[in-house]
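Note: the block below is input-v1.cif and it holds mmCIF, C-alpha atoms and all ligand atoms.
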data_input
#
loop_
_atom_site.group_PDB
_atom_site.id
_atom_site.type_symbol
_atom_site.label_atom_id
_atom_site.label_comp_id
_atom_site.auth_asym_id
_atom_site.auth_seq_id
_atom_site.Cartn_x
_atom_site.Cartn_y
_atom_site.Cartn_z
ATOM 1 C CA MET A 1 15.799 6.212 22.314
ATOM 2 C CA ARG A 2 13.653 5.441 19.272
ATOM 3 C CA GLY A 3 12.233 8.201 17.139
ATOM 4 C CA ARG A 4 13.972 9.806 14.224
ATOM 5 C CA VAL A 5 17.270 8.190 14.939
ATOM 6 C CA MET A 6 18.602 6.389 11.875
ATOM 7 C CA ARG A 7 20.463 3.278 12.838
ATOM 8 C CA LEU A 8 23.055 1.596 10.726
ATOM 9 C CA LEU A 9 22.611 -2.139 10.719
ATOM 10 C CA ARG A 10 26.237 -2.647 9.873
ATOM 11 C CA ALA A 11 27.050 -1.137 13.257
ATOM 12 C CA VAL A 12 25.114 -3.936 14.940
ATOM 13 C CA PRO A 13 27.230 -7.053 15.449
ATOM 14 C CA SER A 14 25.563 -10.119 13.966
ATOM 15 C CA GLY A 15 25.942 -11.868 17.336
ATOM 16 C CA PHE A 16 23.724 -9.217 18.870
ATOM 17 C CA LEU A 17 21.120 -9.679 16.175
ATOM 18 C CA ALA A 18 21.149 -13.443 16.635
ATOM 19 C CA ALA A 19 20.871 -13.091 20.422
ATOM 20 C CA SER A 20 17.956 -10.707 20.082
ATOM 21 C CA GLY A 21 16.159 -12.997 17.669
ATOM 22 C CA LEU A 22 16.957 -10.774 14.715
ATOM 23 C CA ARG A 23 18.967 -11.863 11.751
ATOM 24 C CA SER A 24 20.981 -9.637 9.583
ATOM 25 C CA HIS A 25 21.838 -10.398 6.009
ATOM 26 C CA THR A 26 23.393 -7.031 5.440
ATOM 27 C CA ARG A 27 27.009 -6.500 4.553
ATOM 28 C CA VAL A 28 28.900 -3.386 3.733
ATOM 29 C CA ILE A 29 29.846 -3.068 0.105
ATOM 30 C CA SER A 30 33.185 -1.368 0.032
ATOM 31 C CA GLY A 31 33.790 -1.863 -3.683
ATOM 32 C CA ASN A 32 33.322 0.796 -6.282
ATOM 33 C CA TYR A 33 30.567 0.075 -8.764
ATOM 34 C CA SER A 34 32.487 1.758 -11.516
ATOM 35 C CA SER A 35 35.882 0.171 -10.949
ATOM 36 C CA GLY A 36 37.175 -1.686 -13.949
ATOM 37 C CA HIS A 37 34.267 -0.576 -16.111
ATOM 38 C CA VAL A 38 33.281 2.368 -18.160
ATOM 39 C CA CYS A 39 30.576 3.738 -15.906
ATOM 40 C CA PHE A 40 27.664 5.535 -17.491
ATOM 41 C CA ARG A 41 26.013 7.655 -14.854
ATOM 42 C CA ARG A 42 22.493 6.333 -15.369
ATOM 43 C CA SER A 43 23.366 2.634 -15.466
ATOM 44 C CA CYS A 44 25.583 2.963 -12.389
ATOM 45 C CA SER A 45 22.947 4.775 -10.360
ATOM 46 C CA GLY A 46 20.361 2.278 -11.623
ATOM 47 C CA ALA A 47 22.501 -0.652 -10.484
ATOM 48 C CA MET A 48 23.125 1.062 -7.162
ATOM 49 C CA ALA A 49 19.405 1.571 -6.602
ATOM 50 C CA GLU A 50 18.666 -2.069 -7.461
ATOM 51 C CA GLU A 51 21.329 -3.218 -5.002
ATOM 52 C CA ALA A 52 19.849 -0.887 -2.380
ATOM 53 C CA LYS A 53 16.363 -2.296 -2.924
ATOM 54 C CA LYS A 54 17.678 -5.825 -2.641
ATOM 55 C CA ARG A 55 19.536 -5.181 0.592
ATOM 56 C CA ALA A 56 16.532 -3.478 2.200
ATOM 57 C CA ALA A 57 14.281 -6.350 1.120
ATOM 58 C CA TYR A 58 16.650 -9.016 2.433
ATOM 59 C CA ALA A 59 17.041 -7.216 5.763
ATOM 60 C CA ALA A 60 13.258 -6.990 6.211
ATOM 61 C CA VAL A 61 12.680 -10.665 5.399
ATOM 62 C CA ASP A 62 15.565 -11.796 7.597
ATOM 63 C CA ASN A 63 14.547 -9.680 10.558
ATOM 64 C CA HIS A 64 10.770 -10.057 10.488
ATOM 65 C CA VAL A 65 9.773 -13.418 9.003
ATOM 66 C CA GLN A 66 9.790 -16.538 11.135
ATOM 67 C CA ASP A 67 8.605 -20.118 10.830
ATOM 68 C CA SER A 68 4.801 -20.543 10.544
ATOM 69 C CA HIS A 69 4.254 -16.861 9.829
ATOM 70 C CA VAL A 70 1.442 -15.601 7.647
ATOM 71 C CA VAL A 71 3.157 -13.014 5.446
ATOM 72 C CA GLY A 72 1.561 -10.218 3.422
ATOM 73 C CA VAL A 73 3.382 -9.754 0.135
ATOM 74 C CA GLY A 74 3.384 -6.232 -1.298
ATOM 75 C CA SER A 75 3.677 -5.086 -4.899
ATOM 76 C CA GLY A 76 6.218 -3.301 -7.049
ATOM 77 C CA SER A 77 9.835 -3.868 -8.005
ATOM 78 C CA THR A 78 11.411 -3.878 -4.514
ATOM 79 C CA ILE A 79 9.131 -6.652 -3.296
ATOM 80 C CA VAL A 80 10.521 -8.933 -6.001
ATOM 81 C CA TYR A 81 13.755 -9.149 -3.983
ATOM 82 C CA ALA A 82 11.817 -9.844 -0.787
ATOM 83 C CA VAL A 83 10.005 -12.775 -2.392
ATOM 84 C CA ASP A 84 13.327 -14.085 -3.746
ATOM 85 C CA ARG A 85 14.681 -14.055 -0.215
ATOM 86 C CA LEU A 86 11.497 -15.557 1.249
ATOM 87 C CA ALA A 87 11.748 -18.444 -1.204
ATOM 88 C CA GLU A 88 15.444 -18.895 -0.421
ATOM 89 C CA ARG A 89 14.775 -19.062 3.326
ATOM 90 C CA VAL A 90 11.851 -21.460 2.840
ATOM 91 C CA ARG A 91 14.193 -23.770 0.876
ATOM 92 C CA GLN A 92 17.177 -23.452 3.179
ATOM 93 C CA GLU A 93 15.442 -23.314 6.563
ATOM 94 C CA LYS A 94 12.336 -25.349 5.675
ATOM 95 C CA LEU A 95 10.126 -22.548 6.922
ATOM 96 C CA LYS A 96 6.402 -23.187 6.807
ATOM 97 C CA ILE A 97 4.973 -19.838 5.843
ATOM 98 C CA VAL A 98 1.798 -18.776 4.084
ATOM 99 C CA CYS A 99 1.672 -15.761 1.758
ATOM 100 C CA VAL A 100 -1.205 -13.341 1.211
ATOM 101 C CA PRO A 101 -0.804 -11.230 -1.954
ATOM 102 C CA THR A 102 -1.669 -7.544 -2.362
ATOM 103 C CA SER A 103 -2.110 -7.662 -6.145
ATOM 104 C CA PHE A 104 -2.156 -9.830 -9.232
ATOM 105 C CA GLN A 105 1.599 -9.227 -9.518
ATOM 106 C CA ALA A 106 2.219 -10.393 -5.939
ATOM 107 C CA ARG A 107 0.098 -13.491 -6.540
ATOM 108 C CA GLN A 108 2.149 -14.327 -9.626
ATOM 109 C CA LEU A 109 5.391 -13.875 -7.685
ATOM 110 C CA ILE A 110 4.187 -16.186 -4.914
ATOM 111 C CA LEU A 111 3.121 -18.834 -7.433
ATOM 112 C CA LYS A 112 6.346 -18.496 -9.451
ATOM 113 C CA HIS A 113 8.392 -19.319 -6.357
ATOM 114 C CA GLY A 114 6.103 -22.168 -5.311
ATOM 115 C CA LEU A 115 5.252 -20.474 -2.009
ATOM 116 C CA PRO A 116 1.947 -21.353 -0.269
ATOM 117 C CA LEU A 117 -0.704 -18.922 -1.447
ATOM 118 C CA SER A 118 -3.579 -17.821 0.754
ATOM 119 C CA ASP A 119 -6.036 -14.944 1.088
ATOM 120 C CA LEU A 120 -7.794 -12.873 3.707
ATOM 121 C CA ASP A 121 -10.777 -15.279 3.801
ATOM 122 C CA ARG A 122 -8.522 -18.002 5.167
ATOM 123 C CA HIS A 123 -5.958 -15.795 6.895
ATOM 124 C CA PRO A 124 -7.549 -12.503 7.977
ATOM 125 C CA GLU A 125 -4.790 -12.016 10.554
ATOM 126 C CA LEU A 126 -1.232 -11.728 9.291
ATOM 127 C CA ASP A 127 1.957 -11.830 11.336
ATOM 128 C CA VAL A 128 3.730 -9.388 9.075
ATOM 129 C CA ALA A 129 3.203 -7.550 5.802
ATOM 130 C CA ILE A 130 6.185 -6.364 3.786
ATOM 131 C CA ASP A 131 5.760 -3.809 1.021
ATOM 132 C CA GLY A 132 7.541 -1.084 -0.917
ATOM 133 C CA ALA A 133 6.733 2.624 -0.995
ATOM 134 C CA ASP A 134 7.101 5.519 -3.399
ATOM 135 C CA GLU A 135 8.075 8.027 -0.718
ATOM 136 C CA VAL A 136 8.557 8.002 3.061
ATOM 137 C CA ASP A 137 8.491 11.210 5.104
ATOM 138 C CA SER A 138 10.074 11.888 8.481
ATOM 139 C CA SER A 139 6.942 10.642 10.319
ATOM 140 C CA LEU A 140 6.899 7.441 8.264
ATOM 141 C CA THR A 141 3.840 8.610 6.359
ATOM 142 C CA LEU A 142 3.996 6.926 2.981
ATOM 143 C CA ILE A 143 2.891 7.574 -0.548
ATOM 144 C CA LYS A 144 2.088 4.246 -2.166
ATOM 145 C CA GLY A 145 0.305 3.194 -5.314
ATOM 146 C CA GLY A 146 2.864 4.068 -7.959
ATOM 147 C CA GLY A 147 2.128 0.586 -9.284
ATOM 148 C CA GLY A 148 -1.618 1.047 -8.846
ATOM 149 C CA CYS A 149 -2.118 -1.572 -6.112
ATOM 150 C CA LEU A 150 -2.752 0.719 -3.151
ATOM 151 C CA ALA A 151 -6.206 -0.502 -2.091
ATOM 152 C CA GLN A 152 -5.291 -4.153 -1.597
ATOM 153 C CA GLU A 153 -1.922 -3.117 -0.167
ATOM 154 C CA LYS A 154 -3.617 -1.019 2.499
ATOM 155 C CA ILE A 155 -6.139 -3.733 3.360
ATOM 156 C CA VAL A 156 -3.426 -6.367 3.771
ATOM 157 C CA ALA A 157 -1.160 -4.015 5.756
ATOM 158 C CA ASP A 158 -4.047 -3.215 8.084
ATOM 159 C CA CYS A 159 -4.595 -6.930 8.759
ATOM 160 C CA ALA A 160 -0.952 -7.430 9.749
ATOM 161 C CA LYS A 161 0.473 -7.221 13.261
ATOM 162 C CA HIS A 162 3.582 -5.611 11.797
ATOM 163 C CA PHE A 163 3.775 -3.554 8.614
ATOM 164 C CA ILE A 164 7.354 -3.335 7.376
ATOM 165 C CA VAL A 165 8.375 -1.152 4.450
ATOM 166 C CA ILE A 166 11.335 -1.615 2.129
ATOM 167 C CA ALA A 167 12.781 1.209 0.086
ATOM 168 C CA ASP A 168 15.948 2.587 -1.398
ATOM 169 C CA TYR A 169 17.629 5.873 -0.545
ATOM 170 C CA ARG A 170 15.726 7.764 -3.272
ATOM 171 C CA LYS A 171 12.420 7.367 -1.411
ATOM 172 C CA ASP A 172 13.536 9.031 1.825
ATOM 173 C CA SER A 173 12.310 12.598 2.340
ATOM 174 C CA LYS A 174 11.510 15.080 5.060
ATOM 175 C CA CYS A 175 8.159 16.072 3.543
ATOM 176 C CA LEU A 176 6.039 14.225 1.018
ATOM 177 C CA GLY A 177 6.511 15.581 -2.471
ATOM 178 C CA GLN A 178 10.233 16.216 -2.120
ATOM 179 C CA GLN A 179 11.164 13.011 -3.920
ATOM 180 C CA TRP A 180 8.002 11.601 -5.465
ATOM 181 C CA LYS A 181 6.687 14.064 -8.045
ATOM 182 C CA LYS A 182 3.800 12.052 -9.468
ATOM 183 C CA GLY A 183 1.347 12.881 -6.692
ATOM 184 C CA VAL A 184 -0.820 10.838 -4.376
ATOM 185 C CA PRO A 185 -2.578 7.964 -6.165
ATOM 186 C CA ILE A 186 -6.280 7.746 -5.406
ATOM 187 C CA GLU A 187 -8.336 4.755 -6.512
ATOM 188 C CA VAL A 188 -11.812 5.760 -7.667
ATOM 189 C CA ILE A 189 -14.938 4.097 -9.015
ATOM 190 C CA PRO A 190 -14.780 4.812 -12.788
ATOM 191 C CA MET A 191 -18.087 6.715 -13.059
ATOM 192 C CA ALA A 192 -16.997 9.080 -10.276
ATOM 193 C CA TYR A 193 -13.555 10.159 -11.468
ATOM 194 C CA VAL A 194 -14.620 13.602 -12.699
ATOM 195 C CA PRO A 195 -16.638 14.634 -9.589
ATOM 196 C CA VAL A 196 -13.973 13.224 -7.257
ATOM 197 C CA SER A 197 -11.288 15.108 -9.147
ATOM 198 C CA ARG A 198 -13.252 18.371 -8.901
ATOM 199 C CA VAL A 199 -13.853 18.028 -5.160
ATOM 200 C CA ILE A 200 -10.203 17.268 -4.427
ATOM 201 C CA THR A 201 -8.804 20.210 -6.366
ATOM 202 C CA ARG A 202 -11.461 22.603 -5.053
ATOM 203 C CA ARG A 203 -10.798 21.656 -1.446
ATOM 204 C CA PHE A 204 -7.082 20.957 -1.444
ATOM 205 C CA GLY A 205 -5.655 22.674 -4.537
ATOM 206 C CA GLY A 206 -3.192 21.149 -6.963
ATOM 207 C CA GLU A 207 -4.350 19.100 -9.924
ATOM 208 C CA THR A 208 -5.467 15.556 -10.548
ATOM 209 C CA VAL A 209 -4.515 13.454 -13.543
ATOM 210 C CA LEU A 210 -6.344 10.336 -14.658
ATOM 211 C CA ARG A 211 -3.601 7.728 -14.933
ATOM 212 C CA MET A 212 -3.394 6.436 -18.491
ATOM 213 C CA GLY A 213 -2.227 3.035 -19.655
ATOM 214 C CA ILE A 214 1.034 2.400 -21.448
ATOM 215 C CA ASN A 215 0.681 0.132 -24.472
ATOM 216 C CA LYS A 216 -3.072 0.301 -23.864
ATOM 217 C CA ALA A 217 -5.458 2.988 -25.029
ATOM 218 C CA GLY A 218 -7.389 4.594 -22.198
ATOM 219 C CA PRO A 219 -6.995 4.672 -18.431
ATOM 220 C CA VAL A 220 -5.159 2.274 -16.154
ATOM 221 C CA VAL A 221 -7.666 -0.166 -14.665
ATOM 222 C CA THR A 222 -6.721 -1.495 -11.232
ATOM 223 C CA ASP A 223 -6.945 -5.087 -9.984
ATOM 224 C CA ASN A 224 -10.315 -4.008 -8.558
ATOM 225 C CA SER A 225 -11.547 -2.664 -11.933
ATOM 226 C CA ASN A 226 -11.252 0.962 -10.832
ATOM 227 C CA PHE A 227 -9.393 4.055 -12.101
ATOM 228 C CA ILE A 228 -6.474 5.908 -10.525
ATOM 229 C CA LEU A 229 -6.339 9.676 -10.092
ATOM 230 C CA ASP A 230 -2.853 11.008 -9.339
ATOM 231 C CA TRP A 231 -3.304 14.087 -7.180
ATOM 232 C CA LYS A 232 -0.384 16.474 -7.626
ATOM 233 C CA PHE A 233 -0.614 18.485 -4.435
ATOM 234 C CA GLU A 234 1.007 21.900 -4.118
ATOM 235 C CA SER A 235 1.720 22.210 -0.436
ATOM 236 C CA VAL A 236 2.403 20.192 2.667
ATOM 237 C CA HIS A 237 -0.810 19.058 4.330
ATOM 238 C CA ASN A 238 -1.908 17.410 7.523
ATOM 239 C CA TRP A 239 -1.888 14.051 5.794
ATOM 240 C CA LYS A 240 -4.028 12.288 8.390
ATOM 241 C CA GLU A 241 -6.826 14.818 7.957
ATOM 242 C CA VAL A 242 -6.496 15.001 4.187
ATOM 243 C CA ASN A 243 -6.528 11.234 3.924
ATOM 244 C CA MET A 244 -9.725 10.999 5.953
ATOM 245 C CA ALA A 245 -11.370 13.852 4.036
ATOM 246 C CA ILE A 246 -10.567 12.356 0.633
ATOM 247 C CA LYS A 247 -11.817 8.968 1.737
ATOM 248 C CA MET A 248 -15.179 10.545 2.605
ATOM 249 C CA ILE A 249 -15.745 11.728 -0.992
ATOM 250 C CA PRO A 250 -18.293 9.414 -2.627
ATOM 251 C CA GLY A 251 -16.573 7.351 -5.298
ATOM 252 C CA VAL A 252 -13.185 7.185 -3.578
ATOM 253 C CA VAL A 253 -12.143 3.617 -2.877
ATOM 254 C CA GLU A 254 -8.780 4.266 -1.207
ATOM 255 C CA THR A 255 -5.890 6.702 -1.145
ATOM 256 C CA GLY A 256 -2.187 6.002 -1.442
ATOM 257 C CA LEU A 257 -1.535 7.917 1.798
ATOM 258 C CA PHE A 258 -0.478 5.432 4.480
ATOM 259 C CA VAL A 259 -0.580 7.391 7.722
ATOM 260 C CA GLY A 260 0.528 5.821 10.994
ATOM 261 C CA MET A 261 0.727 2.343 9.486
ATOM 262 C CA ALA A 262 4.426 1.640 8.923
ATOM 263 C CA GLU A 263 6.132 0.155 11.939
ATOM 264 C CA ARG A 264 9.589 0.247 10.429
ATOM 265 C CA VAL A 265 11.124 1.303 7.112
ATOM 266 C CA TYR A 266 14.323 -0.267 5.819
ATOM 267 C CA PHE A 267 16.324 1.906 3.459
ATOM 268 C CA GLY A 268 19.014 0.456 1.241
ATOM 269 C CA MET A 269 21.696 3.125 1.032
ATOM 270 C CA GLN A 270 24.059 4.210 -1.722
ATOM 271 C CA ASP A 271 27.083 2.946 0.186
ATOM 272 C CA GLY A 272 25.698 -0.586 0.334
ATOM 273 C CA THR A 273 24.505 -0.447 3.944
ATOM 274 C CA VAL A 274 20.948 -0.716 5.211
ATOM 275 C CA THR A 275 19.420 1.629 7.752
ATOM 276 C CA PHE A 276 16.050 1.428 9.358
ATOM 277 C CA ARG A 277 13.784 4.017 10.878
ATOM 278 C CA ASP A 278 10.884 3.664 13.282
ATOM 279 C CA PRO A 279 8.048 6.174 13.759
ATOM 280 C CA PRO A 280 8.730 9.187 15.954
ATOM 281 C CA VAL A 281 7.565 8.879 19.545
ATOM 282 C CA HIS A 282 5.335 11.794 20.551
HETATM 283 O O1 LIG B 301 2.689 0.924 -3.860
HETATM 284 C C1 LIG B 301 3.219 0.231 -4.698
HETATM 285 C C2 LIG B 301 2.488 -0.352 -5.845
HETATM 286 O O2 LIG B 301 1.170 0.088 -5.874
HETATM 287 C C3 LIG B 301 4.663 -0.064 -4.599
HETATM 288 O O3 LIG B 301 4.927 -0.658 -3.373
HETATM 289 C C4 LIG B 301 5.409 1.233 -4.728
HETATM 290 O O4 LIG B 301 5.013 1.843 -5.942
HETATM 291 C C5 LIG B 301 6.919 0.999 -4.754
HETATM 292 O O5 LIG B 301 7.260 0.331 -5.904
HETATM 293 P P1 LIG B 301 8.769 0.026 -6.280
HETATM 294 O O6 LIG B 301 9.275 -0.956 -5.281
HETATM 295 O O7 LIG B 301 8.689 -0.530 -7.680
HETATM 296 O O8 LIG B 301 9.522 1.338 -6.237
#
Could you write out this file's structure as structure tokens?
Amino acid sequence: MRGRVMRLLRAVPSGFLAASGLRSHTRVISGNYSSGHVCFRRSCSGAMAEEAKKRAAYAAVDNHVQDSHVVGVGSGSTIVYAVDRLAERVRQEKLKIVCVPTSFQARQLILKHGLPLSDLDRHPELDVAIDGADEVDSSLTLIKGGGGCLAQEKIVADCAKHFIVIADYRKDSKCLGQQWKKGVPIEVIPMAYVPVSRVITRRFGGETVLRMGINKAGPVVTDNSNFILDWKFESVHNWKEVNMAIKMIPGVVETGLFVGMAERVYFGMQDGTVTFRDPPVH
């Protein structure tokens, strides 16, 4: 039975994973993060979340990347661990992979690790794309774009045979908005941000905020030279319909709603294990 069942990878013997062509790099951490140290709540939970991201990223790379694969590389802080692991496996196993970035940041990561860099002109079909998410609901609908790279992320994910998401336990929710409070990022053509904002709030409620730069006066400008509106919605919507409706507004480039795209989400958990979830079967 697939569906909403959360499966603990640590319950799967590594022999089974090897026999089924999967590899598991996950181990159970039984230690206490605070033992032997003065543990400040924030730094401990921060370290725990980083460890969770790393374990999810390693599990995804180990289970879904094979020799000669064309791999889509997502953006954000979790993907950094995935690229670390990709580079490690390329060194150790002499894998011949090619990487397609979803952002300037992803491109820099690929170059930093000396991995082969490509693009959609040369590799319009990817074997797998791995990316982070800001929130994942029970249907595996995602909010993405917290780092402002949603348009290229969605294009690359759509070109991949398998779109695999990596996240930590803080991103898991029943309904969008439970965990991620910053709203749905929407990339817009700069001259259209006011009309787009008005249409969205008139039709769907909530409020939109033009994302502003930090250490830079004025708005965030995306890798595609556009602006980002963060739409703080007030209620649960039919995300498939809302996504399509927002995309039809002139001036909208892309939304950070990823509906029906994720094939599997790996969650790094607080107890050091990794679980994964597949979409519900209707
Ligand atoms: O969509 C994204 C960037 O546009 C990221 O994948 C998303 O924001 C998750 O980032 P992080 O791994 O840093 O939590």
- Query: the PyMOL selection byres (((chain A and resi 63-69) around 6) and not hetatm) on the file shown: which residues, as a list in words?
  - Reply: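 This file, filtered by the PyMOL selection byres (((chain A and resi 63-69) around 6) and not hetatm), leaves Leu22, Arg23, Ala59, Ala60, Val61, Asp62, Val70, Val71, Leu95, Lys96, Ile97 and Asp127 of chain A.
Closest approach to Gly218 (chain A) among A:Phe267, A:Val281, A:Val259, A:Pro190: A:Pro190, based on all atoms listed in the file.
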- Please extract the residues at most 6 Å from ligand LIG 301 (chain B), counting only C-alpha atoms and all ligand atoms, and provide them as a list in words, using the chain letters and residue numbers of this document.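 So the residues close to ligand LIG 301 (chain B) are Ser75, Gly76, Ser77, Thr78, Asp131, Gly132, Ala133, Asp134, Lys144, Gly145, Gly146, Gly147, Gly148, Cys149 and Leu150 of chain A.
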- Task: Can you pull out every residue within 9 Å of Glu234 (chain A), counting all atoms listed in the file, but drop anything in the same chain fewer than 4 positions away, and send it as a list of chain:residue names?
- Result: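 Near Glu234 (chain A), the qualifying residues are A:Gly177, A:Phe204, A:Gly205, A:Gly206, A:Glu207.
If you apply the PyMOL selection byres (((chain A and resi 196-199) around 8) and not hetatm) to this structure, you end up with Val188, Ala192, Tyr193, Val194, Pro195, Ile200, Thr201, Arg202, Arg203, Thr208, Leu229, Ile249, Pro250, Gly251 and Val252 of chain A.
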- Message: For this structure, which residues satisfy the selection - the PyMOL selection byres (((chain A and resi 83) around 12) and not hetatm) - when it is evaluated on the file as given? I want them as a ChimeraX atom specification.
- Response: /A:54,57-58,60-62,65,71-82,84-90,97,99-101,105-116,129-131
- Query: From the set A:Leu126, A:Asp121, A:Leu257, A:Cys44, which residue has the shortest atom-to-atom contact distance to Asn238 (chain A), counting all atoms listed in the file?
  - Reply: A:Leu257
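Minimum atom-to-atom distances from A:Pro185, A:His123, A:Ala167, A:Asp278 to Val220 (chain A) were compared using only C-alpha atoms, and the lowest value belongs to A:Pro185.
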